[in-house]
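J.: The file below is run16.cif, mmCIF, C-alpha atoms and all ligand atoms:
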```
data_work
#
loop_
_atom_site.group_PDB
_atom_site.id
_atom_site.type_symbol
_atom_site.label_atom_id
_atom_site.label_comp_id
_atom_site.auth_asym_id
_atom_site.auth_seq_id
_atom_site.Cartn_x
_atom_site.Cartn_y
_atom_site.Cartn_z
ATOM 1 C CA MET W 496 -20.296 6.124 81.495
ATOM 2 C CA GLY W 497 -20.873 3.682 84.346
ATOM 3 C CA ARG W 498 -21.166 0.467 82.325
ATOM 4 C CA VAL W 499 -19.033 -1.380 84.921
ATOM 5 C CA LYS W 500 -19.706 0.928 87.850
ATOM 6 C CA ASP W 501 -18.165 -0.256 91.138
ATOM 7 C CA LYS W 502 -17.061 -3.593 89.711
ATOM 8 C CA VAL W 503 -13.805 -4.925 91.131
ATOM 9 C CA ILE W 504 -11.563 -6.012 88.273
ATOM 10 C CA VAL W 505 -8.116 -7.608 88.090
ATOM 11 C CA VAL W 506 -6.141 -7.131 84.860
ATOM 12 C CA THR W 507 -2.961 -9.211 84.598
ATOM 13 C CA GLY W 508 -0.116 -7.807 82.533
ATOM 14 C CA GLY W 509 -1.809 -4.426 82.856
ATOM 15 C CA ALA W 510 1.358 -2.331 82.908
ATOM 16 C CA MET W 511 1.285 -1.660 79.180
ATOM 17 C CA GLY W 512 -0.299 -2.502 75.848
ATOM 18 C CA LEU W 513 -3.762 -4.031 75.684
ATOM 19 C CA GLY W 514 -3.952 -4.589 79.450
ATOM 20 C CA LYS W 515 -3.291 -0.931 80.158
ATOM 21 C CA ALA W 516 -5.830 0.204 77.535
ATOM 22 C CA ALA W 517 -8.450 -2.141 78.974
ATOM 23 C CA ALA W 518 -7.754 -0.944 82.525
ATOM 24 C CA GLN W 519 -8.141 2.676 81.393
ATOM 25 C CA ARG W 520 -11.504 2.106 79.658
ATOM 26 C CA LEU W 521 -12.802 0.001 82.576
ATOM 27 C CA ILE W 522 -11.934 2.783 85.016
ATOM 28 C CA GLU W 523 -13.618 5.357 82.772
ATOM 29 C CA GLU W 524 -16.739 3.178 82.980
ATOM 30 C CA GLY W 525 -16.673 3.197 86.780
ATOM 31 C CA ALA W 526 -14.630 0.127 87.770
ATOM 32 C CA ARG W 527 -11.984 -0.252 90.440
ATOM 33 C CA VAL W 528 -9.054 -1.983 88.749
ATOM 34 C CA LEU W 529 -6.142 -3.853 90.276
ATOM 35 C CA ILE W 530 -3.372 -4.095 87.709
ATOM 36 C CA THR W 531 -0.867 -6.883 88.199
ATOM 37 C CA ASP W 532 2.378 -7.326 86.304
ATOM 38 C CA HIS W 533 5.853 -8.780 86.775
ATOM 39 C CA ASN W 534 7.303 -5.386 85.824
ATOM 40 C CA PRO W 535 6.892 -3.376 89.056
ATOM 41 C CA GLU W 536 8.197 -0.044 87.711
ATOM 42 C CA ALA W 537 5.906 0.005 84.683
ATOM 43 C CA GLY W 538 2.960 -1.381 86.672
ATOM 44 C CA ALA W 539 3.215 1.224 89.421
ATOM 45 C CA ALA W 540 3.627 4.018 86.868
ATOM 46 C CA THR W 541 0.535 2.878 84.973
ATOM 47 C CA ALA W 542 -1.570 2.665 88.140
ATOM 48 C CA ALA W 543 -0.447 6.175 89.122
ATOM 49 C CA GLU W 544 -1.303 7.462 85.640
ATOM 50 C CA LEU W 545 -4.791 5.900 85.707
ATOM 51 C CA GLY W 546 -5.749 7.573 88.981
ATOM 52 C CA ALA W 547 -7.457 6.778 92.262
ATOM 53 C CA ASN W 548 -9.491 3.811 90.995
ATOM 54 C CA ALA W 549 -6.349 2.001 89.841
ATOM 55 C CA ALA W 550 -3.965 0.040 92.057
ATOM 56 C CA PHE W 551 -0.968 -2.133 91.337
ATOM 57 C CA LEU W 552 0.336 -5.411 92.735
ATOM 58 C CA GLU W 553 3.453 -7.185 91.500
ATOM 59 C CA GLN W 554 2.678 -10.672 90.233
ATOM 60 C CA ASP W 555 4.319 -13.319 88.106
ATOM 61 C CA VAL W 556 1.291 -15.072 86.614
ATOM 62 C CA THR W 557 3.220 -18.345 86.352
ATOM 63 C CA ASP W 558 3.597 -18.586 90.139
ATOM 64 C CA PRO W 559 0.746 -20.590 91.745
ATOM 65 C CA ASP W 560 1.433 -19.140 95.221
ATOM 66 C CA GLY W 561 1.456 -15.636 93.757
ATOM 67 C CA TRP W 562 -2.092 -16.187 92.526
ATOM 68 C CA GLY W 563 -3.124 -17.085 96.082
ATOM 69 C CA THR W 564 -1.568 -13.845 97.307
ATOM 70 C CA VAL W 565 -3.352 -11.736 94.664
ATOM 71 C CA ILE W 566 -6.801 -13.213 95.319
ATOM 72 C CA ALA W 567 -6.364 -12.987 99.109
ATOM 73 C CA HIS W 568 -5.353 -9.335 98.677
ATOM 74 C CA VAL W 569 -8.434 -8.656 96.522
ATOM 75 C CA GLU W 570 -10.741 -10.255 99.082
ATOM 76 C CA ALA W 571 -9.174 -8.341 101.983
ATOM 77 C CA GLU W 572 -9.025 -5.015 100.146
ATOM 78 C CA TYR W 573 -12.253 -5.037 98.092
ATOM 79 C CA GLY W 574 -14.342 -7.898 99.554
ATOM 80 C CA ARG W 575 -15.227 -9.305 96.126
ATOM 81 C CA LEU W 576 -13.953 -9.995 92.611
ATOM 82 C CA ASP W 577 -16.301 -9.305 89.713
ATOM 83 C CA VAL W 578 -14.016 -9.593 86.702
ATOM 84 C CA LEU W 579 -10.674 -11.256 85.963
ATOM 85 C CA VAL W 580 -8.900 -10.297 82.730
ATOM 86 C CA ASN W 581 -6.209 -12.899 82.020
ATOM 87 C CA ASN W 582 -4.146 -10.729 79.687
ATOM 88 C CA ALA W 583 -0.445 -11.300 80.516
ATOM 89 C CA ALA W 584 1.410 -13.328 77.897
ATOM 90 C CA VAL W 585 4.626 -13.643 75.940
ATOM 91 C CA THR W 586 5.143 -14.166 72.234
ATOM 92 C CA VAL W 587 7.772 -16.774 71.437
ATOM 93 C CA PHE W 588 8.902 -16.632 67.825
ATOM 94 C CA GLY W 589 10.393 -19.521 65.870
ATOM 95 C CA SER W 590 9.621 -22.667 63.922
ATOM 96 C CA ILE W 591 9.671 -26.267 65.131
ATOM 97 C CA ALA W 592 13.337 -26.327 64.062
ATOM 98 C CA ASP W 593 14.296 -23.110 65.839
ATOM 99 C CA VAL W 594 12.445 -23.048 69.155
ATOM 100 C CA SER W 595 14.111 -24.756 72.097
ATOM 101 C CA TYR W 596 12.029 -26.998 74.339
ATOM 102 C CA GLU W 597 12.670 -24.530 77.187
ATOM 103 C CA ASP W 598 11.221 -21.626 75.187
ATOM 104 C CA PHE W 599 8.286 -23.749 74.038
ATOM 105 C CA LYS W 600 7.464 -24.623 77.653
ATOM 106 C CA ARG W 601 7.955 -20.985 78.750
ATOM 107 C CA CYS W 602 5.346 -19.889 76.192
ATOM 108 C CA TYR W 603 2.858 -22.445 77.501
ATOM 109 C CA THR W 604 3.589 -21.625 81.138
ATOM 110 C CA VAL W 605 3.072 -17.886 80.718
ATOM 111 C CA ASP W 606 0.240 -17.998 78.176
ATOM 112 C CA VAL W 607 -1.773 -21.093 79.172
ATOM 113 C CA ASP W 608 -0.856 -22.270 82.679
ATOM 114 C CA SER W 609 -1.399 -18.728 83.967
ATOM 115 C CA ILE W 610 -5.031 -18.838 82.821
ATOM 116 C CA PHE W 611 -5.576 -22.242 84.427
ATOM 117 C CA LEU W 612 -4.056 -20.951 87.671
ATOM 118 C CA GLY W 613 -5.935 -17.642 87.556
ATOM 119 C CA CYS W 614 -9.329 -19.256 86.978
ATOM 120 C CA LYS W 615 -8.723 -22.000 89.545
ATOM 121 C CA THR W 616 -7.643 -19.557 92.241
ATOM 122 C CA ALA W 617 -10.187 -16.827 91.529
ATOM 123 C CA LEU W 618 -13.314 -18.958 91.075
ATOM 124 C CA PRO W 619 -14.059 -19.626 94.770
ATOM 125 C CA LEU W 620 -14.205 -15.860 95.432
ATOM 126 C CA MET W 621 -15.941 -14.968 92.150
ATOM 127 C CA SER W 622 -18.543 -17.686 92.710
ATOM 128 C CA LYS W 623 -19.832 -15.824 95.771
ATOM 129 C CA THR W 624 -21.124 -12.950 93.619
ATOM 130 C CA GLY W 625 -20.958 -14.172 90.010
ATOM 131 C CA GLY W 626 -18.753 -12.419 87.511
ATOM 132 C CA SER W 627 -16.876 -12.520 84.238
ATOM 133 C CA ILE W 628 -13.532 -14.022 83.246
ATOM 134 C CA ILE W 629 -11.951 -12.698 80.048
ATOM 135 C CA ASN W 630 -9.068 -14.704 78.582
ATOM 136 C CA LEU W 631 -6.800 -13.076 75.989
ATOM 137 C CA SER W 632 -6.140 -15.511 73.159
ATOM 138 C CA SER W 633 -5.217 -14.334 69.636
ATOM 139 C CA ALA W 634 -6.124 -14.608 65.959
ATOM 140 C CA ALA W 635 -2.931 -16.693 66.027
ATOM 141 C CA ALA W 636 -5.102 -19.379 67.649
ATOM 142 C CA ILE W 637 -6.736 -19.813 64.232
ATOM 143 C CA ASN W 638 -4.166 -18.565 61.682
ATOM 144 C CA ALA W 639 -0.956 -20.582 61.822
ATOM 145 C CA SER W 640 2.528 -19.445 60.870
ATOM 146 C CA ALA W 641 5.586 -21.629 60.351
ATOM 147 C CA ASP W 642 7.492 -19.300 62.686
ATOM 148 C CA LEU W 643 5.060 -19.226 65.618
ATOM 149 C CA VAL W 644 4.897 -22.873 66.611
ATOM 150 C CA ALA W 645 4.780 -22.203 70.362
ATOM 151 C CA TYR W 646 2.555 -19.096 70.344
ATOM 152 C CA ASN W 647 0.081 -20.491 67.766
ATOM 153 C CA SER W 648 -0.460 -23.679 69.722
ATOM 154 C CA ALA W 649 -0.504 -22.043 73.168
ATOM 155 C CA LYS W 650 -3.031 -19.416 72.067
ATOM 156 C CA ALA W 651 -5.153 -22.163 70.440
ATOM 157 C CA ALA W 652 -5.428 -23.899 73.817
ATOM 158 C CA ILE W 653 -7.108 -20.842 75.362
ATOM 159 C CA PRO W 654 -10.532 -20.931 73.633
ATOM 160 C CA MET W 655 -10.895 -24.607 74.609
ATOM 161 C CA LEU W 656 -9.762 -23.947 78.177
ATOM 162 C CA THR W 657 -12.321 -21.141 78.188
ATOM 163 C CA LYS W 658 -15.130 -23.410 76.950
ATOM 164 C CA SER W 659 -14.430 -26.089 79.549
ATOM 165 C CA ILE W 660 -14.343 -23.606 82.439
ATOM 166 C CA ALA W 661 -17.455 -21.865 81.095
ATOM 167 C CA LEU W 662 -19.336 -25.184 81.061
ATOM 168 C CA TYR W 663 -18.150 -25.966 84.587
ATOM 169 C CA CYS W 664 -19.413 -22.587 85.801
ATOM 170 C CA ALA W 665 -22.716 -23.049 83.975
ATOM 171 C CA ARG W 666 -23.148 -26.473 85.575
ATOM 172 C CA GLU W 667 -22.354 -25.057 89.015
ATOM 173 C CA LYS W 668 -24.802 -22.174 88.424
ATOM 174 C CA ASN W 669 -22.223 -19.917 90.057
ATOM 175 C CA GLY W 670 -23.007 -16.911 87.863
ATOM 176 C CA VAL W 671 -19.499 -16.729 86.417
ATOM 177 C CA ARG W 672 -19.182 -16.323 82.654
ATOM 178 C CA VAL W 673 -15.940 -17.133 80.834
ATOM 179 C CA ASN W 674 -15.056 -15.869 77.367
ATOM 180 C CA ALA W 675 -12.007 -15.603 75.122
ATOM 181 C CA VAL W 676 -10.880 -12.590 73.081
ATOM 182 C CA LEU W 677 -8.932 -13.110 69.843
ATOM 183 C CA PRO W 678 -7.228 -9.879 68.727
ATOM 184 C CA GLY W 679 -5.612 -9.444 65.329
ATOM 185 C CA THR W 680 -2.373 -7.476 65.148
ATOM 186 C CA ILE W 681 -2.709 -4.454 67.401
ATOM 187 C CA MET W 682 -0.084 -1.718 67.537
ATOM 188 C CA THR W 683 1.231 -1.951 71.119
ATOM 189 C CA PRO W 684 4.736 -1.195 72.439
ATOM 190 C CA ASN W 685 5.467 -4.922 72.159
ATOM 191 C CA VAL W 686 4.452 -5.075 68.483
ATOM 192 C CA ARG W 687 6.338 -1.822 67.833
ATOM 193 C CA SER W 688 9.540 -3.294 69.273
ATOM 194 C CA VAL W 689 9.101 -6.513 67.254
ATOM 195 C CA ILE W 690 8.776 -4.419 64.082
ATOM 196 C CA ASP W 691 11.743 -2.229 65.008
ATOM 197 C CA GLY W 692 13.860 -5.304 65.712
ATOM 198 C CA THR W 693 13.563 -6.641 62.151
ATOM 199 C CA PRO W 694 16.120 -5.816 59.430
ATOM 200 C CA ASN W 695 13.626 -3.665 57.493
ATOM 201 C CA PRO W 696 11.054 -2.193 59.916
ATOM 202 C CA ALA W 697 9.093 -0.291 57.242
ATOM 203 C CA GLU W 698 8.681 -3.442 55.171
ATOM 204 C CA THR W 699 7.725 -5.476 58.256
ATOM 205 C CA GLU W 700 5.147 -2.904 59.347
ATOM 206 C CA GLU W 701 3.592 -2.998 55.883
ATOM 207 C CA SER W 702 3.427 -6.799 55.952
ATOM 208 C CA PHE W 703 1.838 -6.689 59.427
ATOM 209 C CA LYS W 704 -0.813 -4.290 58.111
ATOM 210 C CA LEU W 705 -1.519 -6.371 55.017
ATOM 211 C CA ALA W 706 -1.964 -9.547 57.077
ATOM 212 C CA GLN W 707 -5.313 -8.057 58.068
ATOM 213 C CA PRO W 708 -7.746 -8.142 55.124
ATOM 214 C CA VAL W 709 -8.845 -4.593 56.091
ATOM 215 C CA GLY W 710 -5.253 -3.468 55.359
ATOM 216 C CA HIS W 711 -4.291 -1.990 58.717
ATOM 217 C CA MET W 712 -3.506 -2.929 62.302
ATOM 218 C CA GLY W 713 -5.887 -2.439 65.176
ATOM 219 C CA GLU W 714 -5.584 -0.010 68.079
ATOM 220 C CA PRO W 715 -5.547 -1.059 71.768
ATOM 221 C CA ASP W 716 -9.006 0.486 72.225
ATOM 222 C CA ASP W 717 -10.458 -1.884 69.613
ATOM 223 C CA ILE W 718 -9.855 -4.630 72.175
ATOM 224 C CA ALA W 719 -10.507 -2.509 75.279
ATOM 225 C CA HIS W 720 -14.070 -1.774 74.150
ATOM 226 C CA LEU W 721 -14.771 -5.510 73.832
ATOM 227 C CA VAL W 722 -13.291 -6.093 77.291
ATOM 228 C CA VAL W 723 -15.655 -3.447 78.713
ATOM 229 C CA TYR W 724 -18.612 -5.198 77.060
ATOM 230 C CA LEU W 725 -17.580 -8.610 78.410
ATOM 231 C CA ALA W 726 -16.954 -7.171 81.874
ATOM 232 C CA SER W 727 -20.334 -5.456 81.935
ATOM 233 C CA ASN W 728 -23.770 -6.967 82.502
ATOM 234 C CA GLU W 729 -24.543 -6.207 78.838
ATOM 235 C CA SER W 730 -22.862 -9.535 78.017
ATOM 236 C CA LYS W 731 -24.798 -11.508 80.666
ATOM 237 C CA PHE W 732 -25.882 -14.231 78.170
ATOM 238 C CA ALA W 733 -22.400 -14.695 76.644
ATOM 239 C CA THR W 734 -20.268 -17.539 77.924
ATOM 240 C CA GLY W 735 -17.788 -19.992 76.428
ATOM 241 C CA ALA W 736 -17.461 -17.830 73.326
ATOM 242 C CA ALA W 737 -14.402 -16.727 71.360
ATOM 243 C CA PHE W 738 -14.691 -13.126 70.179
ATOM 244 C CA ALA W 739 -12.426 -12.240 67.238
ATOM 245 C CA VAL W 740 -11.595 -8.546 66.761
ATOM 246 C CA ASP W 741 -8.999 -8.836 64.054
ATOM 247 C CA GLY W 742 -9.713 -6.900 60.875
ATOM 248 C CA GLY W 743 -10.667 -10.197 59.252
ATOM 249 C CA LEU W 744 -7.343 -11.938 59.945
ATOM 250 C CA SER W 745 -8.958 -15.166 61.109
ATOM 251 C CA ILE W 746 -11.518 -15.437 58.302
HETATM 252 N N1 LIG X 1 -0.730 -6.811 70.512
HETATM 253 C C1 LIG X 1 -1.194 -7.693 69.666
HETATM 254 O O1 LIG X 1 -1.101 -7.516 68.451
HETATM 255 C C2 LIG X 1 -1.876 -8.943 70.152
HETATM 256 C C3 LIG X 1 -2.501 -9.761 69.196
HETATM 257 C C4 LIG X 1 -3.155 -10.905 69.622
HETATM 258 C C5 LIG X 1 -3.190 -11.226 70.957
HETATM 259 N N2 LIG X 1 -2.570 -10.423 71.853
HETATM 260 C C6 LIG X 1 -2.633 -10.822 73.260
HETATM 261 O O2 LIG X 1 -3.102 -9.751 74.052
HETATM 262 C C7 LIG X 1 -2.443 -9.751 75.315
HETATM 263 C C8 LIG X 1 -1.714 -8.446 75.540
HETATM 264 O O3 LIG X 1 -0.826 -8.211 74.462
HETATM 265 P P1 LIG X 1 0.135 -6.934 74.412
HETATM 266 O O4 LIG X 1 0.536 -6.775 73.001
HETATM 267 O O5 LIG X 1 -0.486 -5.811 75.146
HETATM 268 O O6 LIG X 1 1.402 -7.513 75.193
HETATM 269 P P2 LIG X 1 2.601 -6.701 75.900
HETATM 270 O O7 LIG X 1 3.796 -7.577 75.764
HETATM 271 O O8 LIG X 1 2.665 -5.314 75.390
HETATM 272 O O9 LIG X 1 2.140 -6.672 77.406
HETATM 273 C C9 LIG X 1 2.093 -7.849 78.157
HETATM 274 C C10 LIG X 1 2.218 -7.478 79.617
HETATM 275 O O10 LIG X 1 2.289 -8.704 80.345
HETATM 276 C C11 LIG X 1 3.339 -8.607 81.273
HETATM 277 N N3 LIG X 1 3.847 -9.956 81.531
HETATM 278 C C12 LIG X 1 4.549 -10.768 80.716
HETATM 279 N N4 LIG X 1 4.857 -11.909 81.337
HETATM 280 C C13 LIG X 1 4.331 -11.826 82.592
HETATM 281 C C14 LIG X 1 4.326 -12.679 83.724
HETATM 282 N N5 LIG X 1 4.943 -13.879 83.697
HETATM 283 N N6 LIG X 1 3.690 -12.286 84.826
HETATM 284 C C15 LIG X 1 3.075 -11.071 84.877
HETATM 285 N N7 LIG X 1 3.070 -10.203 83.855
HETATM 286 C C16 LIG X 1 3.689 -10.583 82.718
HETATM 287 C C17 LIG X 1 4.389 -7.698 80.623
HETATM 288 O O11 LIG X 1 5.252 -7.119 81.589
HETATM 289 C C18 LIG X 1 3.489 -6.690 79.926
HETATM 290 O O12 LIG X 1 3.177 -5.594 80.778
HETATM 291 C C19 LIG X 1 -1.529 -10.976 75.300
HETATM 292 O O13 LIG X 1 -2.234 -12.076 75.827
HETATM 293 C C20 LIG X 1 -1.276 -11.181 73.829
HETATM 294 O O14 LIG X 1 -0.887 -12.499 73.505
HETATM 295 C C21 LIG X 1 -1.914 -9.289 71.480
#
```
I need this file expressed as structure tokens, please.
T.:
Amino acid sequence: MGRVKDKVIVVTGGAMGLGKAAAQRLIEEGARVLITDHNPEAGAATAAELGANAAFLEQDVTDPDGWGTVIAHVEAEYGRLDVLVNNAAVTVFGSIADVSYEDFKRCYTVDVDSIFLGCKTALPLMSKTGGSIINLSSAAAINASADLVAYNSAKAAIPMLTKSIALYCAREKNGVRVNAVLPGTIMTPNVRSVIDGTPNPAETEESFKLAQPVGHMGEPDDIAHLVVYLASNESKFATGAAFAVDGGLSI
């Protein structure tokens, strides 16, 4: 208990899935967490469920002005920002033949531009105290699939974006560390609905499990525990790194 005591943490896309699990573990370890999401009903319900140290603010992470609003709110409400978890993303399925240019750009805007905007807007405040930025990439940044042309390439941009921002922060000596997290397939509501939307869900679920050399999917807490470590001072020497937690998927 208390590994991130009193830290002020923003988790984007925290209404459900990995963001929600991370917010829950961070709060259990003493943090005050502002969840943001573009789904106001789910976001508010999650904040209410997680208790007094959780709050919710509606945000579309692709909106540059919205980022300004979120960071100004954090400064006014909490006076500081210790940790930013850039978690919100979409998965766009399809091959180079199938995916429209609009969907390709949407994947990049939500998954990559949002991290650029979040880091750019948050850094002036975070630099006052030092802190930790945690960017959710994916094992799909390393393992390609013919039917994930947009998601594979967008997620692959994140570790490099992370390295460049980490080096900038190191050069500035601003005390901000920046790392990327690469989950394997984790059973979240999103993954559940993808499986259920296929013609043979049982077969799809089995193939999702077998994609991991360990033979099963991960649980949201497998990622949440890493987020707690990266948010805490235990990881004070880690920056610019890409942490895979993927049952061996990216080996
Ligand atoms: N679940 C997995 O198997 C898996 C594997 C590898 C990487 N990841 C990554 O982990 C992160 C979380 O994944 P998840 O499975 O929990 O996803 P999810 O789809 O369950 O949750 C994503 C959340 O982001 C929100 N969101 C989407 N677009 C948004 C926008 N424009 N503005 C604000 N909020 C927005 C959604 O409302 C949702 O609450 C993502 O970055 C994802 O790419 C997940």
J.: Let me see if you get this right: every residue at most 7 Å from ligand LIG 1 (chain X), counting only C-alpha atoms and all ligand atoms, written as a ChimeraX atom specification.
T.: /W:507-514,531-534,554-557,582-586,605-606,631-635,677-686
J.: Taking all listed atoms of segment 530-549 of chain W, build the axis-aligned box, pad each of the six sides by 4 Å, then write its centre and edge lengths in Å to one decimal as AutoDock Vina command-line options.
T.:
```
--center_x -0.6 --center_y -0.6 --center_z 88.5 --size_x 25.7 --size_y 24.4 --size_z 15.6
```
J.: Kindly give the distance, in Å, that separates atom CA of Cys614 of chain W and atom CA of Lys500 of chain W, rounded to a single decimal.
T.: 22.7 Å
J.: What's the 12 Å shell around Ser730 of chain W, counting only C-alpha atoms, without same-chain residues fewer than 2 positions away, as an mmCIF file with C-alpha atoms, in the coordinates of the input?
T.:
```
data_model
loop_
_atom_site.group_PDB
_atom_site.id
_atom_site.type_symbol
_atom_site.label_atom_id
_atom_site.label_comp_id
_atom_site.auth_asym_id
_atom_site.auth_seq_id
_atom_site.Cartn_x
_atom_site.Cartn_y
_atom_site.Cartn_z
ATOM 1 C CA ARG W 498 -21.166 0.467 82.325
ATOM 2 C CA VAL W 499 -19.033 -1.380 84.921
ATOM 3 C CA GLY W 626 -18.753 -12.419 87.511
ATOM 4 C CA SER W 627 -16.876 -12.520 84.238
ATOM 5 C CA ILE W 628 -13.532 -14.022 83.246
ATOM 6 C CA ILE W 629 -11.951 -12.698 80.048
ATOM 7 C CA VAL W 671 -19.499 -16.729 86.417
ATOM 8 C CA ARG W 672 -19.182 -16.323 82.654
ATOM 9 C CA VAL W 673 -15.940 -17.133 80.834
ATOM 10 C CA ASN W 674 -15.056 -15.869 77.367
ATOM 11 C CA LEU W 721 -14.771 -5.510 73.832
ATOM 12 C CA VAL W 722 -13.291 -6.093 77.291
ATOM 13 C CA VAL W 723 -15.655 -3.447 78.713
ATOM 14 C CA TYR W 724 -18.612 -5.198 77.060
ATOM 15 C CA LEU W 725 -17.580 -8.610 78.410
ATOM 16 C CA ALA W 726 -16.954 -7.171 81.874
ATOM 17 C CA SER W 727 -20.334 -5.456 81.935
ATOM 18 C CA ASN W 728 -23.770 -6.967 82.502
ATOM 19 C CA PHE W 732 -25.882 -14.231 78.170
ATOM 20 C CA ALA W 733 -22.400 -14.695 76.644
ATOM 21 C CA THR W 734 -20.268 -17.539 77.924
ATOM 22 C CA GLY W 735 -17.788 -19.992 76.428
ATOM 23 C CA ALA W 736 -17.461 -17.830 73.326
ATOM 24 C CA PHE W 738 -14.691 -13.126 70.179
#
```
J.: Which of these, W:Gln519, W:Thr693, W:Thr541, W:Asn630, has the shortest distance to Pro715 of chain W once you count only C-alpha atoms?
T.: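 Between W:Gln519, W:Thr693, W:Thr541, W:Asn630, the residue approaching Pro715 of chain W most closely is W:Gln519.
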J.: List the spatial neighbours of Asp598 of chain W as a PyMOL selection string - criterion: any atom at most 12 Å away, only C-alpha atoms, same-chain residues fewer than 3 positions off excluded.
T.: chain W and resi 585-591+593-595+601-606+643-646+649
J.: Using only C-alpha atoms, find the one residue out of W:Ala636, W:Ile530, W:Leu612, W:Leu618 that sits nearest to Gly561 of chain W.
T.: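 Smallest distance to Gly561 of chain W is found for W:Leu612.
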J.: Can you measure atom CA of Ile690 of chain W to atom CA of Asp717 of chain W for me? One decimal in Å is fine.
T.: 20.2 Å
J.: So how many Å separate atom CA of Glu701 of chain W and atom CA of Ile637 of chain W, to one decimal?
T.: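 Interatomic distance, atom CA of Glu701 of chain W to atom CA of Ile637 of chain W: 21.4 Å.
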J.: Tell me which of W:Thr624, W:Leu552, W:Gly563, W:Lys650 sits closest to Asn638 of chain W, counting all atoms listed in the file.
T.: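 Closest to Asn638 of chain W of all the choices is W:Lys650.
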J.: Here's the selection I'm unsure about, the PyMOL selection byres (((chain W and resi 502) around 7) and not hetatm); applied to the file above, which residues does it give, as JSON, numbers by chain?
T.: {"W": [499, 500, 501, 503, 504, 526, 527, 577]}
J.: Contacts of Met496 of chain W at 8 Å or less, counting all atoms listed in the file, minus same-chain residues fewer than 4 places along, as number ranges by chain?
T.: W: 523-525
J.: Given the choices W:Ala549, W:Val506, W:Glu536, W:Lys615, which gets closest to Leu579 of chain W if the distance is worked out from only C-alpha atoms?
T.: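 Ranking W:Ala549, W:Val506, W:Glu536, W:Lys615 by distance to Leu579 of chain W, first place goes to W:Val506.
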J.: Find the residues near Phe703 of chain W: any atom within 9 Å, counting all atoms listed in the file, skip ones fewer than 4 places away on the same chain, and give them as an MDAnalysis selection string.
T.: chainID W and resid 680 690 698:699 707 710:712
J.: Env of Ile566 of chain W: 8 Å cut, atoms = all atoms listed in the file, seq-sep filter 6 positions within chain, self excluded. Answer as a count of residues only.
T.: 3
J.: Could you check the closest approach to Asn669 of chain W for each of W:Asn581, W:Ser745, W:Ser622, W:Thr564 and tell me which residue wins, using all atoms listed in the file?
T.: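 For Asn669 of chain W, the nearest of the candidates is W:Ser622.
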J.: So, with only C-alpha atoms as the atoms that count, which of W:Pro535, W:Pro694, W:Gly625, W:Pro654 lies closest to Lys668 of chain W?
T.: W:Gly625
J.: Run through the PyMOL selection byres (((chain W and resi 572) around 12) and not hetatm) on the given coordinates and return the selected residues as a PyMOL selection string.
T.: chain W and resi 503+527-529+550+552+564-571+573-576
